[in-house]
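Trainee: Just so it is clear, I am handing over final_14.cif, which has mmCIF, C-alpha atoms.
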```cif
data_target
loop_
_atom_site.label_atom_id
_atom_site.label_comp_id
_atom_site.auth_asym_id
_atom_site.auth_seq_id
_atom_site.Cartn_x
_atom_site.Cartn_y
_atom_site.Cartn_z
CA MET O 58 88.23 32.28 -40.23
CA LEU O 59 90.10 29.77 -38.08
CA PRO O 60 93.13 31.07 -36.16
CA VAL O 61 96.44 30.36 -37.92
CA ARG O 62 100.14 31.09 -37.46
CA ARG O 63 103.11 30.96 -39.74
CA ALA O 64 105.19 27.86 -39.07
CA TYR O 65 108.12 29.80 -37.60
CA GLU O 66 105.72 31.49 -35.16
CA LEU O 67 104.72 28.22 -33.50
CA ASP O 68 105.94 27.78 -29.93
CA ASP O 69 109.38 26.21 -29.67
CA ARG O 70 109.22 24.10 -26.52
CA PRO O 71 112.54 23.62 -24.75
CA GLU O 72 113.76 20.03 -24.57
CA GLU O 73 113.46 19.89 -20.78
CA GLN O 74 109.72 20.62 -21.00
CA ARG O 75 108.86 17.78 -23.34
CA TRP O 76 108.26 15.26 -20.58
CA LEU O 77 105.92 15.02 -17.65
CA ILE O 78 107.80 11.87 -16.62
CA ASP O 79 111.13 11.45 -18.41
CA GLU O 80 110.92 8.91 -21.25
CA LEU O 81 107.66 7.51 -19.82
CA TRP O 82 104.91 10.10 -20.40
CA ALA O 83 105.06 13.21 -22.56
CA GLU O 84 104.10 16.65 -21.28
CA SER O 85 100.31 17.14 -21.49
CA ALA O 86 99.99 13.87 -23.38
CA VAL O 87 96.89 11.76 -23.69
CA GLY O 88 97.30 8.02 -23.82
CA ILE O 89 96.58 4.50 -22.67
CA VAL O 90 97.87 2.20 -19.97
CA GLY O 91 96.86 -1.12 -21.51
CA GLY O 92 97.23 -4.76 -20.66
CA GLU O 93 95.49 -8.03 -19.99
CA PRO O 94 93.68 -8.57 -16.68
CA LYS O 95 95.91 -8.95 -13.59
CA CYS O 96 98.89 -7.24 -15.22
CA CYS O 97 99.15 -4.46 -12.58
CA LYS O 98 97.74 -1.69 -14.78
CA SER O 99 96.15 0.05 -11.79
CA PHE O 100 99.36 -0.23 -9.77
CA LEU O 101 101.25 1.46 -12.61
CA ALA O 102 98.66 4.25 -12.87
CA LEU O 103 98.82 4.84 -9.10
CA ASP O 104 102.63 4.90 -9.26
CA VAL O 105 102.34 7.65 -11.86
CA ALA O 106 99.94 9.51 -9.55
CA VAL O 107 102.31 9.36 -6.58
CA SER O 108 105.30 10.38 -8.68
CA VAL O 109 103.67 13.40 -10.32
CA ALA O 110 102.15 14.56 -7.02
CA SER O 111 105.39 14.17 -5.05
CA GLY O 112 108.07 14.77 -7.66
CA THR O 113 109.71 11.41 -6.87
CA PRO O 114 110.87 9.14 -9.72
CA CYS O 115 108.17 6.90 -11.16
CA LEU O 116 108.98 3.21 -10.62
CA ARG O 117 111.99 4.59 -8.67
CA ARG O 118 113.66 5.21 -12.04
CA PHE O 119 111.92 7.82 -14.25
CA ALA O 120 112.33 11.43 -13.10
CA VAL O 121 109.36 13.80 -12.95
CA SER O 122 110.00 17.09 -14.74
CA ARG O 123 107.42 19.16 -12.90
CA ARG O 124 105.35 17.97 -9.98
CA GLY O 125 101.76 19.04 -9.51
CA PRO O 126 98.25 17.99 -8.49
CA VAL O 127 96.77 14.73 -9.72
CA LEU O 128 93.09 13.98 -10.31
CA LEU O 129 92.24 10.28 -10.09
CA TYR O 130 89.10 8.25 -10.68
CA ALA O 131 89.39 4.57 -9.80
CA ALA O 132 86.06 3.08 -10.81
CA GLU O 133 86.71 -0.56 -9.96
CA ASP O 134 88.42 -0.29 -6.58
CA ALA O 135 86.92 0.56 -3.22
CA LEU O 136 88.18 3.84 -1.78
CA ASP O 137 89.94 2.08 1.12
CA VAL O 138 91.82 -0.08 -1.40
CA VAL O 139 92.87 3.02 -3.35
CA ARG O 140 94.04 4.67 -0.14
CA ARG O 141 96.02 1.62 0.96
CA ARG O 142 97.73 1.23 -2.41
CA LEU O 143 98.62 4.91 -2.66
CA ALA O 144 100.01 4.87 0.88
CA GLY O 145 102.11 1.80 0.10
CA ILE O 146 103.53 3.32 -3.09
CA ALA O 147 104.26 6.58 -1.26
CA GLU O 148 106.20 4.67 1.39
CA ALA O 149 108.13 2.76 -1.28
CA ALA O 150 108.92 6.09 -2.95
CA GLY O 151 110.08 7.59 0.34
CA THR O 152 107.53 10.39 0.37
CA CYS O 153 104.89 11.47 2.87
CA PHE O 154 101.48 10.08 2.02
CA ARG O 155 99.60 12.87 3.79
CA SER O 156 101.39 15.51 1.75
CA LEU O 157 100.44 13.96 -1.61
CA ASP O 158 98.46 16.33 -3.80
CA VAL O 159 96.30 13.51 -5.18
CA HIS O 160 92.58 14.22 -5.46
CA VAL O 161 90.37 11.13 -5.73
CA ILE O 162 86.94 11.45 -7.33
CA THR O 163 84.51 9.73 -4.95
CA ALA O 164 81.39 9.83 -7.15
CA PRO O 165 79.87 6.35 -7.55
CA SER O 166 79.99 6.71 -11.33
CA VAL O 167 81.39 9.00 -14.00
CA ARG O 168 80.14 8.46 -17.55
CA LEU O 169 81.87 10.16 -20.43
CA ASP O 170 78.87 9.47 -22.66
CA ALA O 171 76.64 11.56 -20.35
CA ARG O 172 76.78 15.31 -20.93
CA LYS O 173 76.16 16.11 -17.26
CA ASP O 174 79.15 14.04 -16.15
CA ARG O 175 81.38 15.49 -18.87
CA ASP O 176 80.50 19.00 -17.68
CA ARG O 177 81.18 18.06 -14.06
CA LEU O 178 84.54 16.55 -14.95
CA ARG O 179 85.51 19.62 -16.98
CA GLU O 180 84.56 21.86 -14.03
CA THR O 181 86.59 19.71 -11.62
CA VAL O 182 89.66 19.85 -13.86
CA ALA O 183 89.29 23.62 -14.23
CA THR O 184 89.07 24.04 -10.44
CA LEU O 185 91.92 21.73 -9.37
CA GLU O 186 94.19 22.32 -12.39
CA PRO O 187 95.85 18.89 -12.18
CA ARG O 188 99.02 18.04 -14.06
CA ILE O 189 97.48 14.69 -14.98
CA LEU O 190 93.98 13.18 -15.01
CA ILE O 191 93.93 9.40 -14.49
CA LEU O 192 90.76 7.45 -15.37
CA ASP O 193 90.74 3.75 -14.47
CA PRO O 194 89.37 1.82 -16.36
CA PHE O 195 87.76 2.98 -19.60
CA VAL O 196 85.16 0.21 -19.59
CA ARG O 197 83.53 1.70 -16.45
CA LEU O 198 83.27 5.18 -17.94
CA HIS O 199 80.57 4.61 -20.54
CA ARG O 200 77.77 2.42 -21.85
CA ILE O 201 78.74 2.50 -25.49
CA ASP O 202 79.92 -0.22 -27.84
CA GLU O 203 83.73 -0.15 -27.55
CA ASN O 204 84.03 -1.86 -30.93
CA ALA O 205 82.18 0.91 -32.74
CA ALA O 206 84.56 3.68 -33.80
CA ALA O 207 81.63 6.09 -34.24
CA GLU O 208 80.77 5.69 -30.54
CA VAL O 209 84.31 5.63 -29.16
CA ALA O 210 85.63 8.62 -31.11
CA PRO O 211 83.43 11.30 -29.46
CA LEU O 212 84.53 10.21 -25.97
CA LEU O 213 88.18 10.36 -26.92
CA ALA O 214 87.62 13.70 -28.66
CA TYR O 215 86.16 15.09 -25.42
CA LEU O 216 89.26 14.01 -23.47
CA ARG O 217 91.50 15.52 -26.14
CA GLU O 218 89.58 18.80 -25.91
CA LEU O 219 89.96 18.74 -22.13
CA GLN O 220 93.70 18.18 -22.50
CA ARG O 221 94.07 21.12 -24.88
CA GLU O 222 91.85 23.46 -22.90
CA ARG O 223 93.56 22.87 -19.56
CA GLN O 224 97.02 21.62 -20.65
CA VAL O 225 96.43 18.50 -18.58
CA ALA O 226 97.84 15.06 -19.34
CA VAL O 227 95.20 12.34 -19.56
CA MET O 228 95.93 8.70 -18.72
CA LEU O 229 93.23 6.18 -19.60
CA VAL O 230 93.56 2.64 -18.22
CA HIS O 231 92.18 0.09 -20.65
CA HIS O 232 92.06 -3.67 -21.06
CA ALA O 233 93.77 -5.68 -23.75
CA ARG O 234 92.29 -8.88 -25.07
CA LYS O 235 93.31 -12.01 -23.23
CA GLY O 236 95.89 -14.19 -24.93
CA ALA O 237 96.97 -11.43 -27.30
CA GLY O 238 100.57 -11.28 -26.11
CA ARG O 239 102.00 -12.00 -29.58
CA ILE O 240 100.03 -9.23 -31.29
CA ARG O 241 101.49 -5.72 -31.43
CA ALA O 242 100.56 -4.17 -28.10
CA GLY O 243 98.42 -1.33 -29.44
CA GLN O 244 96.50 -3.66 -31.72
CA ALA O 245 95.77 -5.95 -28.78
CA LEU O 246 93.73 -3.26 -27.01
CA ARG O 247 90.11 -4.25 -26.64
CA GLY O 248 87.63 -2.42 -28.84
CA SER O 249 88.05 0.10 -31.63
CA SER O 250 91.43 0.92 -33.16
CA GLU O 251 90.59 4.55 -32.34
CA LEU O 252 91.99 3.90 -28.86
CA HIS O 253 95.44 3.01 -30.13
CA ALA O 254 95.51 5.88 -32.62
CA TRP O 255 94.47 8.41 -29.96
CA GLY O 256 97.45 8.10 -27.63
CA ASP O 257 100.49 10.40 -27.54
CA SER O 258 102.13 8.19 -24.91
CA ASN O 259 101.05 4.61 -24.36
CA LEU O 260 102.22 2.07 -21.79
CA TYR O 261 101.54 -1.64 -22.28
CA LEU O 262 101.85 -4.37 -19.68
CA ARG O 263 101.92 -8.06 -20.53
CA ARG O 264 103.03 -11.37 -19.08
CA CYS O 265 105.91 -13.08 -20.85
CA ARG O 266 106.98 -16.49 -19.50
CA GLY O 267 106.06 -15.43 -16.00
CA ASP O 268 107.67 -11.97 -16.24
CA LEU O 269 105.73 -8.72 -16.16
CA VAL O 270 106.94 -6.66 -19.14
CA LEU O 271 106.36 -2.95 -19.75
CA GLY O 272 106.35 -1.64 -23.31
CA ILE O 273 106.55 2.12 -23.96
CA GLU O 274 105.28 3.90 -27.08
CA HIS O 275 105.36 7.61 -27.96
CA ARG O 276 103.92 9.46 -30.91
CA ALA O 277 106.67 12.09 -31.12
CA ALA O 278 109.68 10.61 -29.34
CA ALA O 279 111.87 7.53 -29.38
CA SER O 280 110.70 4.76 -27.07
CA LEU O 281 112.72 2.70 -24.66
CA GLY O 282 112.95 -1.04 -25.09
CA ASP O 283 110.83 -3.36 -23.01
CA LEU O 284 111.38 -3.26 -19.24
CA ARG O 285 110.71 -6.05 -16.78
CA LEU O 286 108.78 -5.08 -13.68
CA ALA O 287 107.96 -6.82 -10.44
CA LEU O 288 105.44 -6.06 -7.71
CA GLY O 289 107.33 -6.23 -4.45
CA GLY O 290 108.07 -4.71 -1.08
CA ASP O 291 106.88 -5.40 2.42
CA ARG O 292 103.26 -5.56 3.55
CA ASP O 293 102.90 -1.80 3.95
CA ALA O 294 104.94 -0.66 0.95
CA ILE O 295 103.94 -2.75 -2.06
CA ALA O 296 104.85 -1.13 -5.37
CA LEU O 297 106.11 -1.89 -8.85
CA GLN O 298 109.82 -1.69 -9.52
CA VAL O 299 112.09 -2.20 -12.51
CA VAL O 300 113.90 -5.54 -12.46
CA GLU O 301 117.38 -5.51 -13.92
CA ARG O 302 118.02 -8.61 -16.01
CA ASP O 303 121.02 -10.15 -17.71
CA HIS O 304 119.89 -9.69 -21.29
CA ALA O 305 122.53 -12.11 -22.56
CA ALA O 306 120.78 -14.84 -20.62
CA ASP O 307 117.35 -14.05 -21.99
CA ASP O 308 115.81 -16.43 -24.50
CA ASP O 309 114.01 -14.66 -27.32
CA THR O 310 111.72 -17.60 -27.95
CA VAL O 311 108.25 -17.31 -26.47
CA GLU O 312 106.05 -20.34 -26.02
CA PRO O 313 102.73 -19.87 -27.83
CA SER O 314 99.62 -19.72 -25.71
CA LEU O 315 97.05 -22.50 -25.86
CA ASP O 316 94.77 -20.30 -27.99
CA GLU O 317 97.58 -19.62 -30.42
CA ARG O 318 98.42 -23.32 -30.64
CA ILE O 319 94.79 -24.22 -31.35
CA ILE O 320 94.53 -21.56 -34.06
CA GLU O 321 97.84 -22.70 -35.56
CA LEU O 322 96.70 -26.32 -35.70
CA LEU O 323 93.37 -25.41 -37.28
CA ALA O 324 95.06 -23.10 -39.78
CA GLU O 325 97.43 -25.87 -40.87
CA ALA O 326 94.76 -28.58 -41.09
CA ASP O 327 92.90 -29.20 -44.33
CA HIS O 328 89.83 -30.54 -42.50
CA PRO O 329 88.05 -29.90 -39.17
CA LEU O 330 89.78 -31.32 -36.10
CA SER O 331 88.05 -33.05 -33.22
CA SER O 332 88.68 -31.93 -29.66
CA ARG O 333 90.38 -35.28 -29.05
CA ALA O 334 92.86 -34.57 -31.85
CA LEU O 335 93.47 -31.05 -30.55
CA ARG O 336 94.04 -32.33 -27.02
CA ARG O 337 96.52 -34.90 -28.30
CA GLU O 338 98.51 -32.21 -30.13
CA CYS O 339 98.29 -29.53 -27.42
CA ARG O 340 98.94 -31.95 -24.54
CA VAL O 341 96.71 -30.18 -22.05
CA ARG O 342 94.01 -31.33 -19.68
CA THR O 343 90.56 -31.94 -21.09
CA ALA O 344 88.95 -29.21 -18.98
CA THR O 345 91.62 -26.65 -19.92
CA LEU O 346 91.15 -27.35 -23.64
CA GLY O 347 87.36 -27.24 -23.23
CA GLU O 348 87.44 -23.77 -21.68
CA ALA O 349 89.76 -22.49 -24.42
CA LEU O 350 87.55 -23.90 -27.19
CA ARG O 351 84.39 -22.46 -25.64
CA GLN O 352 85.94 -19.00 -25.37
CA LEU O 353 87.35 -19.05 -28.88
CA GLU O 354 83.92 -20.08 -30.17
CA ARG O 355 82.21 -17.31 -28.19
CA ASP O 356 84.70 -14.84 -29.68
CA GLN O 357 83.86 -16.18 -33.16
CA VAL O 358 87.46 -17.17 -33.83
CA ILE O 359 86.52 -20.81 -34.42
CA THR O 360 83.35 -22.70 -35.31
CA ARG O 361 82.29 -26.27 -34.67
CA SER O 362 80.24 -28.76 -36.62
CA SER O 363 79.58 -32.47 -36.53
CA ALA O 364 83.01 -32.90 -38.14
CA GLY O 365 84.88 -30.96 -35.46
CA PHE O 366 86.45 -27.51 -35.07
CA GLU O 367 87.75 -25.15 -37.76
CA LEU O 368 88.65 -21.49 -38.06
CA ALA O 369 85.70 -19.15 -38.47
CA ARG O 370 85.32 -17.45 -41.78
CA SER O 371 84.46 -13.83 -42.43
CA PRO O 372 81.34 -13.00 -44.49
CA SER O 373 83.60 -12.70 -47.52
CA GLY O 374 84.76 -16.27 -47.07
CA VAL O 375 88.29 -15.38 -45.94
CA SER O 376 89.57 -17.36 -42.97
CA VAL O 377 90.15 -15.51 -39.71
CA SER O 378 93.78 -14.50 -39.24
CA ARG O 379 95.92 -16.26 -36.67
CA THR O 380 96.18 -12.92 -34.89
CA SER O 381 92.43 -12.67 -34.46
CA LEU O 382 90.81 -12.13 -31.11
CA GLN O 383 92.33 -14.68 -28.71
CA THR O 384 91.25 -15.39 -25.17
CA THR O 385 93.06 -17.93 -23.08
CA GLY O 386 90.88 -20.28 -21.05
CA ASN O 387 91.80 -21.14 -17.51
CA GLY O 388 89.42 -23.95 -16.64
CA ASN O 389 90.63 -26.46 -14.11
CA ARG O 390 87.77 -28.92 -13.74
CA LYS O 391 88.87 -32.54 -13.93
CA GLN O 392 87.36 -35.12 -16.25
CA PRO O 393 87.52 -38.85 -15.61
CA ASP O 394 88.58 -39.70 -19.18
CA ASP O 395 90.04 -38.19 -22.33
CA GLU O 396 86.74 -37.02 -23.79
CA LEU O 397 85.41 -33.51 -23.53
CA PRO O 398 81.79 -33.13 -22.40
CA GLY O 399 79.47 -33.97 -25.29
CA GLU O 400 82.18 -35.40 -27.57
CA THR O 401 80.88 -38.24 -29.69
CA GLU O 402 82.66 -41.34 -30.92
CA ALA O 403 82.72 -39.81 -34.41
CA GLY O 404 85.02 -37.10 -33.11
CA SER O 405 82.59 -34.22 -33.01
CA ALA O 406 83.14 -31.74 -30.22
CA GLU O 407 79.89 -30.60 -28.67
CA VAL O 408 81.41 -28.67 -25.77
CA GLN O 409 78.82 -27.90 -23.14
CA PRO O 410 78.60 -24.51 -21.42
CA ALA O 411 80.86 -24.11 -18.42
CA GLU O 412 79.26 -24.79 -15.07
CA GLY O 413 78.72 -21.98 -12.60
#
```
Would you encode the structure as structure tokens?
Mentor:
Amino acid sequence: MLPVRRAYELDDRPEEQRWLIDELWAESAVGIVGGEPKCCKSFLALDVAVSVASGTPCLRRFAVSRRGPVLLYAAEDALDVVRRRLAGIAEAAGTCFRSLDVHVITAPSVRLDARKDRDRLRETVATLEPRILILDPFVRLHRIDENAAAEVAPLLAYLRELQRERQVAVMLVHHARKGAGRIRAGQALRGSSELHAWGDSNLYLRRCRGDLVLGIEHRAAASLGDLRLALGGDRDAIALQVVERDHAADDDTVEPSLDERIIELLAEADHPLSSRALRRECRVRTATLGEALRQLERDQVITRSSAGFELARSPSGVSVSRTSLQTTGNGNRKQPDDELPGETEAGSAEVQPAEG
């Protein structure tokens, strides 16, 4: 028989013990720090590490309820880069870097889909007893198909088991799809929807008209509104900080991305559109449009034919939603005229693969 308790016998946790970091991360919570590339996800994760290890407010604003050891694995950054960033954040937080109880895993790889590595990670957590385990990023921790729920779920289940066994918070840094700023943040995470459903506390970073915006989401608590952040400080103390804004001066309108504009135009058209027609409507450079079209085609959001471009259709014949996978191109190669490479006089758009 499975262990059970009557409802009234369940532990009643005092209010002050609900948070690891007040209003930012729940006590012993698992969750995601998500965002598009170059949105300072790693800086935010390291700020959490410094705050929990030192007891200083995260982002110089959110109090830490109980300080303790931190276990960190930064798979994409060289160890000297990790050291330099942690030292800079510690200085910005006004705490001694050498006294930080942050333990950095130095193994060249850690794979959650490999039993040996799972056992080693479990042993390390049991030995160090960290308050939070930070894994950055998820894509470097496995060789599975992130889009397959059946493959993602066991990895997340392992981390949940680890959290429950050791009462350790788990923060998983993960990428969002490019150009998905208008989709609900959790739905914009790359891969299976299991990732969004898994989190108790989730933090989402995105760019909005040049601003870096932090969204906060909790499973069992009210969430703060969006916060604007900025990466600042001097050369030796670079860290994220909350930027106070005059909300009355903010404009709620957000300019659609190029991908969104292309999808909108194709959705409204009753026939395929040539790249020349799309360029005329979007008013962007030929190379920029070409990169966006190539990426949208690779992501199977749009298709092309001799007649031009149109939205891709699912096997059932239903057109792809305007909130489908969107990836913003950033090409900057110049073209001598208004035609995209391979475009014919008839208006077809045979975009050639990008060079280099």
Trainee: Determine the residue membership of the PyMOL selection byres ((chain O and resi 300) around 9) for the file above and supply it as a VMD selection string.
Mentor: chain O and resid 284 to 287 298 to 299 301 to 302
Trainee: Would you export the selected residues with C-alpha atoms as a PDB file, in the coordinates of the input, please?
Mentor:
```pdb
ATOM      1  CA  LEU O 284     111.380  -3.260 -19.240  1.00  0.00           C
ATOM      2  CA  ARG O 285     110.710  -6.050 -16.780  1.00  0.00           C
ATOM      3  CA  LEU O 286     108.780  -5.080 -13.680  1.00  0.00           C
ATOM      4  CA  ALA O 287     107.960  -6.820 -10.440  1.00  0.00           C
ATOM      5  CA  GLN O 298     109.820  -1.690  -9.520  1.00  0.00           C
ATOM      6  CA  VAL O 299     112.090  -2.200 -12.510  1.00  0.00           C
ATOM      7  CA  GLU O 301     117.380  -5.510 -13.920  1.00  0.00           C
ATOM      8  CA  ARG O 302     118.020  -8.610 -16.010  1.00  0.00           C
TER       9      ARG O 302
END
```
Trainee: Given the PyMOL selection byres ((chain O and resi 280) around 12) and the file above, list the residues it selects as a list in words.
Mentor: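 That selection, the PyMOL selection byres ((chain O and resi 280) around 12), comes back as Asp79, Glu80, Leu81, Trp82, Ala83, Asp257, Ser258, Asn259, Leu260, Leu271, Gly272, Ile273, Glu274, His275, Arg276, Ala277, Ala278, Ala279, Leu281, Gly282, Asp283 and Leu284 of chain O.
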Trainee: Could the residues in this selection be written to a file with C-alpha atoms, as a PDB file, keeping the file's coordinate frame?
Mentor:
```pdb
ATOM      1  CA  ASP O  79     111.130  11.450 -18.410  1.00  0.00           C
ATOM      2  CA  GLU O  80     110.920   8.910 -21.250  1.00  0.00           C
ATOM      3  CA  LEU O  81     107.660   7.510 -19.820  1.00  0.00           C
ATOM      4  CA  TRP O  82     104.910  10.100 -20.400  1.00  0.00           C
ATOM      5  CA  ALA O  83     105.060  13.210 -22.560  1.00  0.00           C
ATOM      6  CA  ASP O 257     100.490  10.400 -27.540  1.00  0.00           C
ATOM      7  CA  SER O 258     102.130   8.190 -24.910  1.00  0.00           C
ATOM      8  CA  ASN O 259     101.050   4.610 -24.360  1.00  0.00           C
ATOM      9  CA  LEU O 260     102.220   2.070 -21.790  1.00  0.00           C
ATOM     10  CA  LEU O 271     106.360  -2.950 -19.750  1.00  0.00           C
ATOM     11  CA  GLY O 272     106.350  -1.640 -23.310  1.00  0.00           C
ATOM     12  CA  ILE O 273     106.550   2.120 -23.960  1.00  0.00           C
ATOM     13  CA  GLU O 274     105.280   3.900 -27.080  1.00  0.00           C
ATOM     14  CA  HIS O 275     105.360   7.610 -27.960  1.00  0.00           C
ATOM     15  CA  ARG O 276     103.920   9.460 -30.910  1.00  0.00           C
ATOM     16  CA  ALA O 277     106.670  12.090 -31.120  1.00  0.00           C
ATOM     17  CA  ALA O 278     109.680  10.610 -29.340  1.00  0.00           C
ATOM     18  CA  ALA O 279     111.870   7.530 -29.380  1.00  0.00           C
ATOM     19  CA  LEU O 281     112.720   2.700 -24.660  1.00  0.00           C
ATOM     20  CA  GLY O 282     112.950  -1.040 -25.090  1.00  0.00           C
ATOM     21  CA  ASP O 283     110.830  -3.360 -23.010  1.00  0.00           C
ATOM     22  CA  LEU O 284     111.380  -3.260 -19.240  1.00  0.00           C
TER      23      LEU O 284
END
```
Trainee: Quote the spacing between CA of Ala233 in chain O and CA of Gly91 in chain O in Å to one decimal place.
Mentor: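 CA of Gly91 in chain O lies at a distance of 5.9 Å from CA of Ala233 in chain O.
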Trainee: If I put a ball of radius 10 Å at (86.4, -21.8, -31.2) in the file's coordinates, which residues poke into it when counting all atoms listed in the file, written as a ChimeraX atom specification?
Mentor: /O:316,319-320,323,347-361,366-369,383
Trainee: Quick one: pull the distance between CA of Arg221 in chain O and CA of Gly256 in chain O, Å, one decimal.
Mentor: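 So the answer is 13.7 Å.
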Trainee: Return as lines of an AutoDock Vina configuration file the box centre and box size in Å, one decimal, for an axis-aligned box around all listed atoms of range 315-332 of chain O padded by 6 Å per side.
Mentor:
```
center_x = 93.2
center_y = -26.3
center_z = -35.1
size_x = 22.4
size_y = 25.4
size_z = 30.5
```
Trainee: Please determine, counting all atoms listed in the file, which residue among O:Arg263, O:Arg141, O:Val87, O:Tyr130 has the shortest atom-to-atom distance to Ala214 in chain O.
Mentor: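 Of O:Arg263, O:Arg141, O:Val87, O:Tyr130, the one nearest Ala214 in chain O is O:Val87, counting all atoms listed in the file.
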Trainee: My list of candidates is O:Glu251, O:Glu133, O:Glu148, O:Asp202. Which is closest to Asp170 in chain O when distances are computed with all atoms listed in the file?
Mentor: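 For Asp170 in chain O, the nearest of the given residues is O:Asp202.
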Trainee: Any chance you could work out the residue set of the PyMOL selection byres ((chain O and resi 85) around 8) here, as a list in words?
Mentor: Leu77, Ala83, Glu84, Ala86, Val87, Arg188, Ile189, Gln220, Gln224, Val225, Ala226 and Val227 of chain O
Trainee: Counting all atoms listed in the file, what is within 12 Å of Ala294 in chain O, bar same-chain residues fewer than 2 positions away, as a PyMOL selection string?
Mentor: chain O and resi 104+141-152+154+288-292+296-298
Trainee: How far is it from CA of Leu212 in chain O to CA of Pro187 in chain O, in Å with one decimal?
Mentor: 19.8 Å
Trainee: Check the smallest atom-to-atom distance from each of O:Leu192, O:Leu216, O:Ala135, O:Ala164 to Leu103 in chain O using all atoms listed in the file, then report the winner.
Mentor: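 Closest residue, counting all atoms listed in the file: O:Leu192.
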Trainee: Pick the closest to Ser99 in chain O from O:Arg117, O:Arg177, O:His231, O:Arg223: which is it, counting all atoms listed in the file?
Mentor: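 Distance minimum relative to Ser99 in chain O lands on O:His231.
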Trainee: Could you check the closest approach to Val209 in chain O for each of O:His253, O:His232, O:Arg342, O:Arg172 and tell me which residue wins, using all atoms listed in the file?
Mentor: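 Smallest separation from Val209 in chain O among the options: O:His253.
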Trainee: Residues within 10 Å of Ser111 in chain O, please, as a PyMOL selection string. Count all atoms listed in the file; anything in the same chain fewer than 2 positions from it doesn't count.
Mentor: chain O and resi 105-109+113-115+121+123-127+147+150-154+156-159
Trainee: Using all atoms listed in the file, can you tell me which of O:Leu136, O:Ala242, O:Ile78, O:Val270 comes closest to Ala120 in chain O?
Mentor: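 Checking each of O:Leu136, O:Ala242, O:Ile78, O:Val270 against Ala120 in chain O, counting all atoms listed in the file, the winner is O:Ile78.
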Trainee: Scan for residues within 6 Å of the point (92.0, 9.8, -9.3) in the coordinates of the file, using all atoms listed in the file, and reply as JSON, numbers by chain.
Mentor: {"O": [128, 129, 130, 131, 160, 161, 162, 191]}
